[in-house]
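Enquirer: Below is input33.pdb; it holds PDB, C-alpha atoms.
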ATOM      1  CA  MET U   1      -6.111 -41.594  18.501
ATOM      2  CA  SER U   2      -7.317 -38.719  20.636
ATOM      3  CA  GLU U   3      -8.716 -35.453  19.383
ATOM      4  CA  PRO U   4      -6.216 -32.751  18.560
ATOM      5  CA  ARG U   5      -6.218 -29.845  21.003
ATOM      6  CA  MET U   6      -6.451 -26.202  20.057
ATOM      7  CA  VAL U   7      -3.813 -23.803  21.268
ATOM      8  CA  GLU U   8      -5.126 -20.275  21.016
ATOM      9  CA  VAL U   9      -2.614 -17.732  19.886
ATOM     10  CA  ARG U  10      -2.943 -14.215  18.592
ATOM     11  CA  ARG U  11      -0.106 -13.360  16.324
ATOM     12  CA  LYS U  12      -0.111 -10.747  13.601
ATOM     13  CA  ILE U  13       1.850 -11.741  10.564
ATOM     14  CA  MET U  14       4.358  -9.156   9.516
ATOM     15  CA  LYS U  15       5.700  -9.608   6.087
ATOM     16  CA  GLU U  16       9.456  -9.282   5.816
ATOM     17  CA  ASN U  17       8.836  -6.115   3.828
ATOM     18  CA  ASP U  18       6.798  -4.615   6.678
ATOM     19  CA  LEU U  19       9.752  -5.059   9.008
ATOM     20  CA  ASN U  20      12.118  -3.450   6.495
ATOM     21  CA  ALA U  21       9.661  -0.617   5.927
ATOM     22  CA  ARG U  22       9.334  -0.020   9.647
ATOM     23  CA  ALA U  23      13.119   0.278   9.947
ATOM     24  CA  LEU U  24      13.171   2.709   7.026
ATOM     25  CA  ARG U  25      10.366   4.796   8.517
ATOM     26  CA  GLU U  26      12.294   5.086  11.785
ATOM     27  CA  ARG U  27      15.425   6.078   9.876
ATOM     28  CA  PHE U  28      13.523   8.739   7.890
ATOM     29  CA  ALA U  29      12.053  10.120  11.107
ATOM     30  CA  ARG U  30      15.445  10.295  12.808
ATOM     31  CA  ALA U  31      16.877  12.128   9.780
ATOM     32  CA  GLY U  32      13.906  14.502   9.739
ATOM     33  CA  VAL U  33      13.165  13.854   6.078
ATOM     34  CA  ARG U  34       9.570  13.770   4.838
ATOM     35  CA  VAL U  35       9.096  10.924   2.401
ATOM     36  CA  ILE U  36       6.386  10.942  -0.242
ATOM     37  CA  SER U  37       5.751   8.124  -2.673
ATOM     38  CA  LEU U  38       3.837   8.153  -5.944
ATOM     39  CA  VAL U  39       1.929   5.199  -7.350
ATOM     40  CA  SER U  40      -0.231   4.927 -10.457
ATOM     41  CA  SER U  41      -0.716   3.010 -13.659
ATOM     42  CA  PRO U  42       1.979   3.523 -16.333
ATOM     43  CA  GLY U  43       1.443   6.817 -18.121
ATOM     44  CA  ALA U  44      -0.712   8.540 -15.502
ATOM     45  CA  GLY U  45       1.895  11.281 -15.209
ATOM     46  CA  LYS U  46       4.025  10.472 -12.157
ATOM     47  CA  THR U  47       7.291  11.587 -13.708
ATOM     48  CA  THR U  48       5.845  14.761 -15.229
ATOM     49  CA  LEU U  49       4.217  15.699 -11.944
ATOM     50  CA  LEU U  50       7.448  15.015 -10.106
ATOM     51  CA  GLU U  51       9.480  17.052 -12.619
ATOM     52  CA  HIS U  52       7.252  20.033 -11.900
ATOM     53  CA  LEU U  53       7.288  19.495  -8.145
ATOM     54  CA  LEU U  54      11.071  19.102  -7.995
ATOM     55  CA  SER U  55      11.634  22.238 -10.072
ATOM     56  CA  ARG U  56       9.270  24.223  -7.857
ATOM     57  CA  LEU U  57      10.686  22.887  -4.607
ATOM     58  CA  HIS U  58      14.386  22.622  -5.412
ATOM     59  CA  PRO U  59      15.330  26.283  -4.839
ATOM     60  CA  ASN U  60      13.748  26.414  -1.378
ATOM     61  CA  TYR U  61      13.865  22.877  -0.093
ATOM     62  CA  ARG U  62      16.521  20.198  -0.071
ATOM     63  CA  VAL U  63      14.782  17.599  -2.219
ATOM     64  CA  ALA U  64      15.849  14.256  -3.661
ATOM     65  CA  ALA U  65      14.119  11.506  -5.581
ATOM     66  CA  LEU U  66      14.261   7.807  -6.242
ATOM     67  CA  VAL U  67      12.509   6.560  -9.342
ATOM     68  CA  GLY U  68      11.609   2.974 -10.166
ATOM     69  CA  ASP U  69      11.202   1.338 -13.554
ATOM     70  CA  LEU U  70      11.800  -2.113 -14.947
ATOM     71  CA  ALA U  71      14.437  -0.758 -17.321
ATOM     72  CA  THR U  72      16.184   2.411 -18.550
ATOM     73  CA  GLU U  73      17.516   5.430 -16.679
ATOM     74  CA  ASN U  74      15.276   7.753 -18.719
ATOM     75  CA  ASP U  75      13.169   8.965 -15.824
ATOM     76  CA  ALA U  76      16.171   9.684 -13.603
ATOM     77  CA  ALA U  77      17.660  11.754 -16.429
ATOM     78  CA  ARG U  78      14.384  13.690 -16.812
ATOM     79  CA  LEU U  79      14.107  14.375 -13.093
ATOM     80  CA  ALA U  80      17.792  15.282 -12.689
ATOM     81  CA  ARG U  81      17.222  18.330 -14.915
ATOM     82  CA  SER U  82      15.558  19.934 -11.897
ATOM     83  CA  GLY U  83      18.979  19.995 -10.226
ATOM     84  CA  ALA U  84      17.868  17.715  -7.381
ATOM     85  CA  PRO U  85      19.817  14.543  -6.625
ATOM     86  CA  VAL U  86      18.047  11.614  -8.296
ATOM     87  CA  ARG U  87      18.698   7.899  -8.368
ATOM     88  CA  GLN U  88      17.059   5.325 -10.620
ATOM     89  CA  ILE U  89      16.009   1.921  -9.342
ATOM     90  CA  THR U  90      15.778  -0.561 -12.191
ATOM     91  CA  THR U  91      13.903  -3.604 -11.017
ATOM     92  CA  GLY U  92      14.518  -5.906 -13.998
ATOM     93  CA  THR U  93      11.376  -7.996 -14.089
ATOM     94  CA  VAL U  94       9.985  -7.031 -10.696
ATOM     95  CA  CYS U  95       6.703  -5.128 -10.944
ATOM     96  CA  HIS U  96       6.996  -2.976  -7.812
ATOM     97  CA  LEU U  97       9.487  -1.386  -5.430
ATOM     98  CA  ASP U  98      10.002  -2.874  -2.005
ATOM     99  CA  ALA U  99      11.582  -1.445   1.116
ATOM    100  CA  SER U 100      14.881  -3.294   0.660
ATOM    101  CA  MET U 101      15.339  -1.834  -2.847
ATOM    102  CA  VAL U 102      14.767   1.640  -1.438
ATOM    103  CA  GLU U 103      17.218   1.004   1.383
ATOM    104  CA  ARG U 104      19.886  -0.269  -1.023
ATOM    105  CA  THR U 105      19.467   2.606  -3.448
ATOM    106  CA  LEU U 106      19.683   5.261  -0.737
ATOM    107  CA  GLY U 107      23.217   3.964  -0.320
ATOM    108  CA  ASP U 108      25.557   6.678   0.896
ATOM    109  CA  TRP U 109      23.042   9.516   0.767
ATOM    110  CA  ARG U 110      22.964  11.450   4.015
ATOM    111  CA  LEU U 111      19.256  11.659   4.656
ATOM    112  CA  ASP U 112      19.563  14.441   7.215
ATOM    113  CA  GLU U 113      20.701  16.676   4.368
ATOM    114  CA  PHE U 114      17.257  16.401   2.742
ATOM    115  CA  ASP U 115      13.932  17.948   3.679
ATOM    116  CA  LEU U 116      11.893  15.924   1.224
ATOM    117  CA  LEU U 117      12.481  12.626  -0.502
ATOM    118  CA  PHE U 118      10.188  11.454  -3.295
ATOM    119  CA  ILE U 119       9.899   7.833  -4.339
ATOM    120  CA  GLU U 120       8.287   7.202  -7.714
ATOM    121  CA  ASN U 121       7.103   3.615  -7.869
ATOM    122  CA  VAL U 122       6.974   1.374 -10.926
ATOM    123  CA  GLY U 123       3.839   2.125 -12.944
ATOM    124  CA  ASN U 124       1.455  -0.557 -11.721
ATOM    125  CA  LEU U 125      -1.889  -0.398  -9.927
ATOM    126  CA  VAL U 126      -1.710  -3.861  -8.414
ATOM    127  CA  CYS U 127       1.481  -5.009  -6.682
ATOM    128  CA  PRO U 128       2.786  -1.737  -5.177
ATOM    129  CA  ALA U 129      -0.318  -1.774  -2.949
ATOM    130  CA  SER U 130       1.187  -4.582  -0.899
ATOM    131  CA  PHE U 131       4.606  -3.027  -0.306
ATOM    132  CA  ASP U 132       5.060  -0.363   2.321
ATOM    133  CA  LEU U 133       8.150   1.725   1.524
ATOM    134  CA  GLY U 134       8.341   3.513   4.871
ATOM    135  CA  GLU U 135       6.887   6.667   3.331
ATOM    136  CA  ASP U 136       4.983   9.315   5.294
ATOM    137  CA  LEU U 137       2.530  10.025   2.533
ATOM    138  CA  ARG U 138       1.456   7.905  -0.406
ATOM    139  CA  LEU U 139       0.006   9.693  -3.411
ATOM    140  CA  VAL U 140      -2.032   7.673  -5.887
ATOM    141  CA  LEU U 141      -2.446   9.283  -9.289
ATOM    142  CA  VAL U 142      -5.259   8.657 -11.713
ATOM    143  CA  SER U 143      -5.351  10.529 -15.009
ATOM    144  CA  THR U 144      -8.552  11.742 -16.636
ATOM    145  CA  PRO U 145      -8.135   9.524 -19.760
ATOM    146  CA  GLU U 146      -8.166   6.434 -17.543
ATOM    147  CA  GLY U 147     -11.871   6.821 -16.879
ATOM    148  CA  GLU U 148     -13.946   7.276 -13.772
ATOM    149  CA  ASP U 149     -14.169   3.618 -12.804
ATOM    150  CA  LYS U 150     -10.408   3.003 -12.317
ATOM    151  CA  PRO U 151     -10.707   3.161  -8.518
ATOM    152  CA  LEU U 152     -13.422   0.505  -8.576
ATOM    153  CA  LYS U 153     -11.302  -1.816 -10.693
ATOM    154  CA  TYR U 154      -8.165  -1.383  -8.579
ATOM    155  CA  PRO U 155      -9.521  -0.629  -5.105
ATOM    156  CA  THR U 156      -6.568  -1.906  -3.078
ATOM    157  CA  ILE U 157      -4.028   0.615  -4.306
ATOM    158  CA  PHE U 158      -6.442   3.467  -3.637
ATOM    159  CA  ASN U 159      -7.147   2.048  -0.219
ATOM    160  CA  THR U 160      -3.448   2.160   0.741
ATOM    161  CA  ALA U 161      -2.995   5.789  -0.380
ATOM    162  CA  ASP U 162      -3.275   8.945   1.717
ATOM    163  CA  VAL U 163      -3.961  11.368  -1.115
ATOM    164  CA  ALA U 164      -5.499  10.828  -4.548
ATOM    165  CA  ILE U 165      -4.420  13.135  -7.360
ATOM    166  CA  ILE U 166      -6.458  13.430 -10.517
ATOM    167  CA  THR U 167      -3.933  14.339 -13.230
ATOM    168  CA  LYS U 168      -4.252  15.652 -16.807
ATOM    169  CA  LEU U 169      -7.166  17.841 -15.840
ATOM    170  CA  ASP U 170      -6.630  19.740 -19.115
ATOM    171  CA  LEU U 171      -7.774  16.593 -20.961
ATOM    172  CA  ALA U 172     -10.958  16.135 -18.939
ATOM    173  CA  VAL U 173     -13.209  17.720 -21.543
ATOM    174  CA  ALA U 174     -11.570  15.920 -24.458
ATOM    175  CA  THR U 175     -11.895  12.519 -22.766
ATOM    176  CA  GLY U 176     -15.387  13.155 -21.442
ATOM    177  CA  VAL U 177     -14.531  11.808 -18.023
ATOM    178  CA  ASP U 178     -17.143  12.309 -15.312
ATOM    179  CA  LEU U 179     -15.006  13.982 -12.638
ATOM    180  CA  GLN U 180     -17.722  13.862  -9.994
ATOM    181  CA  ALA U 181     -18.143  10.132 -10.522
ATOM    182  CA  LEU U 182     -14.375   9.649 -10.419
ATOM    183  CA  LYS U 183     -14.147  11.463  -7.093
ATOM    184  CA  ARG U 184     -17.100   9.579  -5.676
ATOM    185  CA  ASN U 185     -15.537   6.282  -6.731
ATOM    186  CA  ILE U 186     -12.250   7.204  -5.063
ATOM    187  CA  GLU U 187     -14.089   8.076  -1.844
ATOM    188  CA  CYS U 188     -16.037   4.852  -1.953
ATOM    189  CA  VAL U 189     -12.917   2.686  -2.030
ATOM    190  CA  ARG U 190     -10.925   4.917   0.324
ATOM    191  CA  PRO U 191     -13.242   6.758   2.681
ATOM    192  CA  GLY U 192     -11.964  10.088   3.939
ATOM    193  CA  ILE U 193      -9.137  10.426   1.418
ATOM    194  CA  CYS U 194      -7.908  13.880   0.375
ATOM    195  CA  ILE U 195      -8.400  14.436  -3.386
ATOM    196  CA  GLN U 196      -6.506  16.984  -5.501
ATOM    197  CA  GLU U 197      -7.054  17.822  -9.164
ATOM    198  CA  VAL U 198      -4.089  19.026 -11.205
ATOM    199  CA  SER U 199      -2.758  19.667 -14.655
ATOM    200  CA  ALA U 200       1.019  19.782 -14.845
ATOM    201  CA  ARG U 201       0.671  21.256 -18.345
ATOM    202  CA  THR U 202      -1.495  24.256 -17.474
ATOM    203  CA  GLY U 203      -0.342  24.500 -13.860
ATOM    204  CA  GLU U 204      -3.904  24.236 -12.552
ATOM    205  CA  GLY U 205      -3.947  22.862  -9.020
ATOM    206  CA  MET U 206      -0.153  22.688  -8.815
ATOM    207  CA  GLN U 207       0.115  25.387  -6.156
ATOM    208  CA  ALA U 208      -2.299  23.513  -3.912
ATOM    209  CA  LEU U 209      -0.386  20.293  -4.470
ATOM    210  CA  HIS U 210       2.860  22.069  -3.667
ATOM    211  CA  GLN U 211       1.341  23.229  -0.366
ATOM    212  CA  LEU U 212       0.101  19.757   0.417
ATOM    213  CA  VAL U 213       3.484  18.200  -0.239
ATOM    214  CA  VAL U 214       5.299  20.761   1.868
ATOM    215  CA  SER U 215       2.979  21.190   4.800
ATOM    216  CA  GLY U 216       1.340  17.815   4.644
ATOM    217  CA  CYS U 217      -2.308  17.334   3.978
ATOM    218  CA  LYS U 218      -3.308  15.534   7.101
ATOM    219  CA  PRO U 219      -5.650  12.900   5.751
ATOM    220  CA  LYS U 220      -9.038  13.284   7.328
ATOM    221  CA  VAL U 221      -8.926   9.652   8.275
ATOM    222  CA  LEU U 222      -5.905   7.595   9.117
ATOM    223  CA  ASN U 223      -5.633   4.559   6.954
ATOM    224  CA  ALA U 224      -6.211   1.362   8.841
ATOM    225  CA  ALA U 225      -3.043  -0.323   7.644
ATOM    226  CA  PRO U 226      -3.002  -4.084   7.436
TER     227      PRO U 226
ATOM    228  CA  MET R   1       1.939 -12.812  -6.318
ATOM    229  CA  HIS R   2       3.503 -12.096  -2.941
ATOM    230  CA  GLU R   3       1.577 -14.835  -1.152
ATOM    231  CA  LEU R   4       4.668 -17.036  -0.984
ATOM    232  CA  SER R   5       6.564 -14.563   1.195
ATOM    233  CA  ILE R   6       3.500 -14.258   3.412
ATOM    234  CA  ALA R   7       3.232 -18.041   3.635
ATOM    235  CA  LEU R   8       6.885 -18.163   4.734
ATOM    236  CA  SER R   9       6.127 -15.598   7.460
ATOM    237  CA  ILE R  10       3.129 -17.669   8.586
ATOM    238  CA  VAL R  11       5.287 -20.790   8.842
ATOM    239  CA  ASP R  12       7.945 -18.921  10.855
ATOM    240  CA  GLY R  13       5.306 -17.368  13.106
ATOM    241  CA  ALA R  14       3.472 -20.640  13.695
ATOM    242  CA  LEU R  15       6.704 -22.476  14.553
ATOM    243  CA  GLU R  16       7.639 -19.771  17.053
ATOM    244  CA  GLU R  17       4.203 -19.899  18.671
ATOM    245  CA  ALA R  18       4.317 -23.703  18.798
ATOM    246  CA  ALA R  19       7.677 -23.590  20.567
ATOM    247  CA  ARG R  20       6.469 -20.891  22.949
ATOM    248  CA  HIS R  21       3.418 -22.939  23.938
ATOM    249  CA  GLY R  22       5.362 -26.186  24.129
ATOM    250  CA  ALA R  23       3.084 -27.640  21.476
ATOM    251  CA  GLY R  24       4.091 -30.848  19.820
ATOM    252  CA  GLN R  25       3.100 -31.862  16.324
ATOM    253  CA  VAL R  26       1.102 -29.050  14.709
ATOM    254  CA  GLN R  27      -1.655 -30.457  12.508
ATOM    255  CA  ALA R  28      -3.254 -27.193  11.461
ATOM    256  CA  VAL R  29      -2.644 -23.474  11.600
ATOM    257  CA  HIS R  30      -5.734 -21.260  11.865
ATOM    258  CA  LEU R  31      -5.532 -17.887  10.227
ATOM    259  CA  ARG R  32      -7.851 -14.873  10.069
ATOM    260  CA  LEU R  33      -7.638 -13.161   6.725
ATOM    261  CA  GLY R  34      -9.402  -9.858   6.095
ATOM    262  CA  ARG R  35     -10.870  -9.282   2.664
ATOM    263  CA  LEU R  36      -9.028  -5.966   2.489
ATOM    264  CA  SER R  37      -5.655  -7.520   3.217
ATOM    265  CA  GLY R  38      -4.954  -7.827  -0.490
ATOM    266  CA  ILE R  39      -4.033 -11.477  -0.132
ATOM    267  CA  ASP R  40      -5.606 -14.149  -2.260
ATOM    268  CA  LYS R  41      -6.858 -17.135  -0.296
ATOM    269  CA  GLU R  42      -6.268 -19.761  -2.964
ATOM    270  CA  ALA R  43      -2.776 -18.464  -3.748
ATOM    271  CA  LEU R  44      -1.973 -18.440  -0.047
ATOM    272  CA  LEU R  45      -3.101 -22.044   0.414
ATOM    273  CA  PHE R  46      -0.998 -23.087  -2.564
ATOM    274  CA  SER R  47       2.007 -21.148  -1.248
ATOM    275  CA  TYR R  48       1.626 -22.571   2.256
ATOM    276  CA  ALA R  49       2.129 -26.108   1.005
ATOM    277  CA  ILE R  50       5.415 -25.046  -0.576
ATOM    278  CA  ALA R  51       6.522 -22.837   2.315
ATOM    279  CA  SER R  52       5.977 -25.561   4.899
ATOM    280  CA  GLU R  53       7.914 -28.234   3.011
ATOM    281  CA  ASN R  54      10.918 -29.552   4.905
ATOM    282  CA  THR R  55       9.773 -27.876   8.114
ATOM    283  CA  PRO R  56       7.997 -29.379  11.136
ATOM    284  CA  LEU R  57       4.805 -27.980   9.578
ATOM    285  CA  ALA R  58       5.078 -30.106   6.462
ATOM    286  CA  LYS R  59       1.714 -31.813   5.885
ATOM    287  CA  SER R  60      -0.031 -29.437   8.291
ATOM    288  CA  ARG R  61      -3.162 -27.676   7.056
ATOM    289  CA  LEU R  62      -3.721 -23.974   6.784
ATOM    290  CA  VAL R  63      -7.294 -23.183   7.843
ATOM    291  CA  ILE R  64      -8.337 -19.750   6.670
ATOM    292  CA  GLU R  65     -11.232 -17.822   8.158
ATOM    293  CA  GLU R  66     -12.043 -14.899   5.887
ATOM    294  CA  VAL R  67     -13.145 -11.719   7.634
ATOM    295  CA  ASP R  68     -15.694  -9.478   5.941
ATOM    296  CA  VAL R  69     -15.171  -5.759   5.820
ATOM    297  CA  VAL R  70     -16.890  -3.656   8.479
ATOM    298  CA  ILE R  71     -16.887   0.112   8.282
ATOM    299  CA  LEU R  72     -17.922   2.868  10.637
ATOM    300  CA  CYS R  73     -20.785   4.681   8.935
ATOM    301  CA  PRO R  74     -20.782   8.417   9.659
ATOM    302  CA  SER R  75     -24.500   8.748   8.897
ATOM    303  CA  CYS R  76     -25.801   5.788  10.893
ATOM    304  CA  ARG R  77     -23.079   6.324  13.520
ATOM    305  CA  ALA R  78     -22.732   2.567  13.678
ATOM    306  CA  GLU R  79     -20.550  -0.238  12.476
ATOM    307  CA  ARG R  80     -21.945  -1.602   9.239
ATOM    308  CA  SER R  81     -21.128  -4.156   6.598
ATOM    309  CA  VAL R  82     -20.452  -2.800   3.124
ATOM    310  CA  SER R  83     -22.984  -2.819   0.338
ATOM    311  CA  SER R  84     -20.893  -4.311  -2.416
ATOM    312  CA  PHE R  85     -17.242  -4.979  -1.791
ATOM    313  CA  PRO R  86     -14.828  -3.399  -2.762
ATOM    314  CA  LEU R  87     -17.010  -0.329  -2.344
ATOM    315  CA  LEU R  88     -16.665   0.698   1.277
ATOM    316  CA  CYS R  89     -20.131   2.186   1.492
ATOM    317  CA  CYS R  90     -22.701   1.513   4.194
ATOM    318  CA  SER R  91     -25.014  -1.415   3.421
ATOM    319  CA  GLU R  92     -27.911   0.409   5.128
ATOM    320  CA  CYS R  93     -27.709   3.986   3.845
ATOM    321  CA  GLY R  94     -25.051   3.990   1.118
ATOM    322  CA  SER R  95     -22.789   6.612   2.731
ATOM    323  CA  PRO R  96     -19.063   6.163   2.202
ATOM    324  CA  GLY R  97     -17.565   4.779   5.406
ATOM    325  CA  GLU R  98     -15.613   6.965   7.776
ATOM    326  CA  ARG R  99     -13.022   4.310   8.502
ATOM    327  CA  VAL R 100     -12.457   0.606   8.226
ATOM    328  CA  VAL R 101     -13.169  -1.262  11.459
ATOM    329  CA  ARG R 102     -12.468  -4.807  10.268
ATOM    330  CA  GLY R 103     -11.131  -6.383   7.106
ATOM    331  CA  ASN R 104      -7.372  -5.846   7.253
ATOM    332  CA  GLU R 105      -6.670  -8.888   9.466
ATOM    333  CA  LEU R 106      -3.734 -11.172   8.839
ATOM    334  CA  GLU R 107      -3.162 -13.129  12.016
ATOM    335  CA  ILE R 108      -2.692 -16.597  13.365
ATOM    336  CA  THR R 109      -5.465 -17.319  15.853
ATOM    337  CA  ALA R 110      -4.853 -20.932  16.851
ATOM    338  CA  LEU R 111      -2.717 -24.000  16.378
ATOM    339  CA  GLU R 112      -4.281 -27.440  16.244
ATOM    340  CA  VAL R 113      -1.817 -29.817  17.858
ATOM    341  CA  ALA R 114      -1.715 -33.572  18.370
ATOM    342  CA  ALA R 115      -2.977 -34.448  21.837
TER     343      ALA R 115
END
Kindly transcribe the structure held in the file into C-alpha cells.
Expert:
Amino acid sequence: MSEPRMVEVRRKIMKENDLNARALRERFARAGVRVISLVSSPGAGKTTLLEHLLSRLHPNYRVAALVGDLATENDAARLARSGAPVRQITTGTVCHLDASMVERTLGDWRLDEFDLLFIENVGNLVCPASFDLGEDLRLVLVSTPEGEDKPLKYPTIFNTADVAIITKLDLAVATGVDLQALKRNIECVRPGICIQEVSARTGEGMQALHQLVVSGCKPKVLNAAP
Amino acid sequence: MHELSIALSIVDGALEEAARHGAGQVQAVHLRLGRLSGIDKEALLFSYAIASENTPLAKSRLVIEEVDVVILCPSCRAERSVSSFPLLCCSECGSPGERVVRGNELEITALEVAA
C-alpha cells in the first residue's frame, strides 16, 4: 500500500455559536444598539451592579436587559424595578448563555428602540468564556472577597473580556485583598485591559463606570479573538 | 465541555475540504490548536471519535499540533514566549504583553488521504 498523501488546507473552525453570534452582532449593529455583557463568578455582584446602572441610565437612555440563571425569575424581578424592560433566561442545567438563547429571548423586542442592551450571564467563570454573545463589550467582574489570585485561576474568562471591574470595593479593607496584586494579575492574563474599581453600595467608581458604559471605554488593545 | 460541538464543526469542515480538493478516503485530519483557545486536547480527541462516527471520517485520526502562546512585548519590542502560562508576561523581561500574537489558533491545516 502506498504512502498517504497530504492535502494542505487552511480552514478556521467556526463553532456554530460563533456563526450565531456573528449574526447577532450584525443585527445589533443594524439596530444601533450597544450591547454589553457581564460575566463573573456567582455572587460577585453582577445583578446589583446592573440594578444601579439601569436605574442611573433608564431616565436618559433606552435600556433593556436580559439576565441568565439556571432557575428562578428573581433577578429579572429585581432588575425590572428600574423600569427598564427585562427578560429572564432560565437555562435549566446549562452553565452559560449562548448566542441562540439570546436570539430566542429577544423575541419580539424591537432592538432599534433601545440604545443599550445588557446581558447578564450565568454566574460562572469557566464556560461563558467560550461563548460569544455578539456583544460589543464584555465586562468581567471580580469582587474583593474573591481574592487577588482569581484571574490566575480562571485566566480564560479574563482573556475574553474587554473591561475588568473590581466590585465590592467597600469590603477591600475587611477582606484584606491586595488590590495592586489583583490588578497586576488581571493585566498579566489580559494585557492592555481597562480596569475599573467600584462599590455599588457606596457609589464609589459608579460615575466612571456609567461613563464607560455610555461612551465606551475603547480597550487599549483589541482582544485577539479565537 | 463544549469540545463535542467543536469536534462536529471539525468533521463538517474536514469533509467540505476533502470534497473541495477531490480527496478520497481521509485517514487523518491535522489541526492547529492554540493554548489560549480554551479547548482541551484530550476532550477534543475523545469528542472527535464520537463526532466522526457514521461519517466518511469514521476511523480517521485527529492529529493535534498545539501552538504555544506568543505575545508582543512592549518593553523588548519583540515577539516573545510567555514566562509561565497562563500569565501572558514576557519570558525575557517579565512585562505584561501588549497583545497576543499566537495562541488562539483553531484551524485545520492538512488532510492525510489514501494515495
Enquirer: Counting only C-alpha atoms, which residue out of U:Gly123, U:Met101, U:Gly134, U:Leu66 sits closest to Arg25 (chain U)?
Expert: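 Ranking U:Gly123, U:Met101, U:Gly134, U:Leu66 by distance to Arg25 (chain U), first place goes to U:Gly134.
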Enquirer: Write out as JSON, numbers by chain which residues come within 12 Å of Arg27 (chain U) when counting all atoms listed in the file, dropping same-chain ones fewer than 5 positions away.
Expert: {"U": [20, 21, 22, 32, 33, 34, 35, 103, 106, 110, 111, 112, 133, 134, 135, 136]}
Enquirer: Distance limit 8 Å, atoms considered: all atoms listed in the file. Which chain R residues sit that close to chain U? Return them as a ChimeraX atom specification.
Expert: /R:1,5-6,9-10,13,17,21,23,27,36-38,86-89,96-101,104-115
Enquirer: To one decimal place in Å, what is the distance between CA of Ile39 (chain R) and CA of Ser81 (chain R)?
Expert: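 Taking CA of Ile39 (chain R) and CA of Ser81 (chain R), their separation equals 19.8 Å.
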Enquirer: CA of Asp115 (chain U) to CA of Gln88 (chain U): how many Å, to one decimal?
Expert: 19.3 Å
Enquirer: What's around Gln196 (chain U) at 8 Å? Count all atoms listed in the file, leave out sequence neighbours fewer than 2 positions away in its own chain, and write the answer as a PyMOL selection string.
Expert: chain U and resi 163-166+194+198+205+208-209
Enquirer: I need the chosen residues saved as a PDB file, keeping the file's coordinate frame, with C-alpha atoms.
Expert:
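Resulting contents of out_32.pdb:
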ATOM      1  CA  VAL U 163      -3.961  11.368  -1.115  1.00  0.00           C
ATOM      2  CA  ALA U 164      -5.499  10.828  -4.548  1.00  0.00           C
ATOM      3  CA  ILE U 165      -4.420  13.135  -7.360  1.00  0.00           C
ATOM      4  CA  ILE U 166      -6.458  13.430 -10.517  1.00  0.00           C
ATOM      5  CA  CYS U 194      -7.908  13.880   0.375  1.00  0.00           C
ATOM      6  CA  VAL U 198      -4.089  19.026 -11.205  1.00  0.00           C
ATOM      7  CA  GLY U 205      -3.947  22.862  -9.020  1.00  0.00           C
ATOM      8  CA  ALA U 208      -2.299  23.513  -3.912  1.00  0.00           C
ATOM      9  CA  LEU U 209      -0.386  20.293  -4.470  1.00  0.00           C
TER      10      LEU U 209
END
Enquirer: Since I can't run it myself right now, could you work out what the PyMOL selection byres ((chain U and resi 45) around 10) selects here and report it as number ranges by chain?
Expert: U: 38-44, 46-51, 123, 141-143, 166-168, 199-200
Enquirer: Could you check how far CA of Thr91 (chain U) sits from CA of Ser55 (chain U), in Å to one decimal?
Expert: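 Pair CA of Thr91 (chain U) / CA of Ser55 (chain U) returns 26.0 Å.
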Enquirer: Name the residues captured by the PyMOL selection byres ((chain R and resi 47) around 12) when it is applied to the shown file; answer as a list in words.
Expert: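 Evaluating the PyMOL selection byres ((chain R and resi 47) around 12) on this file yields Met1, His2, Glu3, Leu4, Ser5, Ile6, Ala7, Leu8, Ser9, Ile10, Val11, Ile39, Asp40, Lys41, Glu42, Ala43, Leu44, Leu45, Phe46, Tyr48, Ala49, Ile50, Ala51, Ser52, Glu53, Arg61 and Leu62 of chain R.
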Enquirer: Produce a file of the selected residues containing C-alpha atoms, as a tab-separated table (two decimals), in the coordinates of the input.
Expert:
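Writing the result to selection22.tsv gives the following:
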chain	number	residue	atom	x	y	z
R	1	MET	CA	1.94	-12.81	-6.32
R	2	HIS	CA	3.50	-12.10	-2.94
R	3	GLU	CA	1.58	-14.84	-1.15
R	4	LEU	CA	4.67	-17.04	-0.98
R	5	SER	CA	6.56	-14.56	1.20
R	6	ILE	CA	3.50	-14.26	3.41
R	7	ALA	CA	3.23	-18.04	3.64
R	8	LEU	CA	6.88	-18.16	4.73
R	9	SER	CA	6.13	-15.60	7.46
R	10	ILE	CA	3.13	-17.67	8.59
R	11	VAL	CA	5.29	-20.79	8.84
R	39	ILE	CA	-4.03	-11.48	-0.13
R	40	ASP	CA	-5.61	-14.15	-2.26
R	41	LYS	CA	-6.86	-17.14	-0.30
R	42	GLU	CA	-6.27	-19.76	-2.96
R	43	ALA	CA	-2.78	-18.46	-3.75
R	44	LEU	CA	-1.97	-18.44	-0.05
R	45	LEU	CA	-3.10	-22.04	0.41
R	46	PHE	CA	-1.00	-23.09	-2.56
R	48	TYR	CA	1.63	-22.57	2.26
R	49	ALA	CA	2.13	-26.11	1.00
R	50	ILE	CA	5.42	-25.05	-0.58
R	51	ALA	CA	6.52	-22.84	2.32
R	52	SER	CA	5.98	-25.56	4.90
R	53	GLU	CA	7.91	-28.23	3.01
R	61	ARG	CA	-3.16	-27.68	7.06
R	62	LEU	CA	-3.72	-23.97	6.78
Enquirer: With distances taken over all atoms listed in the file, which of R:Val26, R:Leu57, R:Cys76, R:Ile64 is nearest to Glu92 (chain R)?
Expert: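 Closest to Glu92 (chain R) of all the choices is R:Cys76.
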Enquirer: I'd like the box whose edges run along x, y and z of the file and which contains every listed atom of region 159-162 of chain U, padded by 8 Å per side; could you state its centre and edge lengths in Å, one decimal, as JSON?
Expert:
{"center_x": -5.1, "center_y": 5.5, "center_z": 0.7, "size_x": 20.2, "size_y": 22.9, "size_z": 18.1}
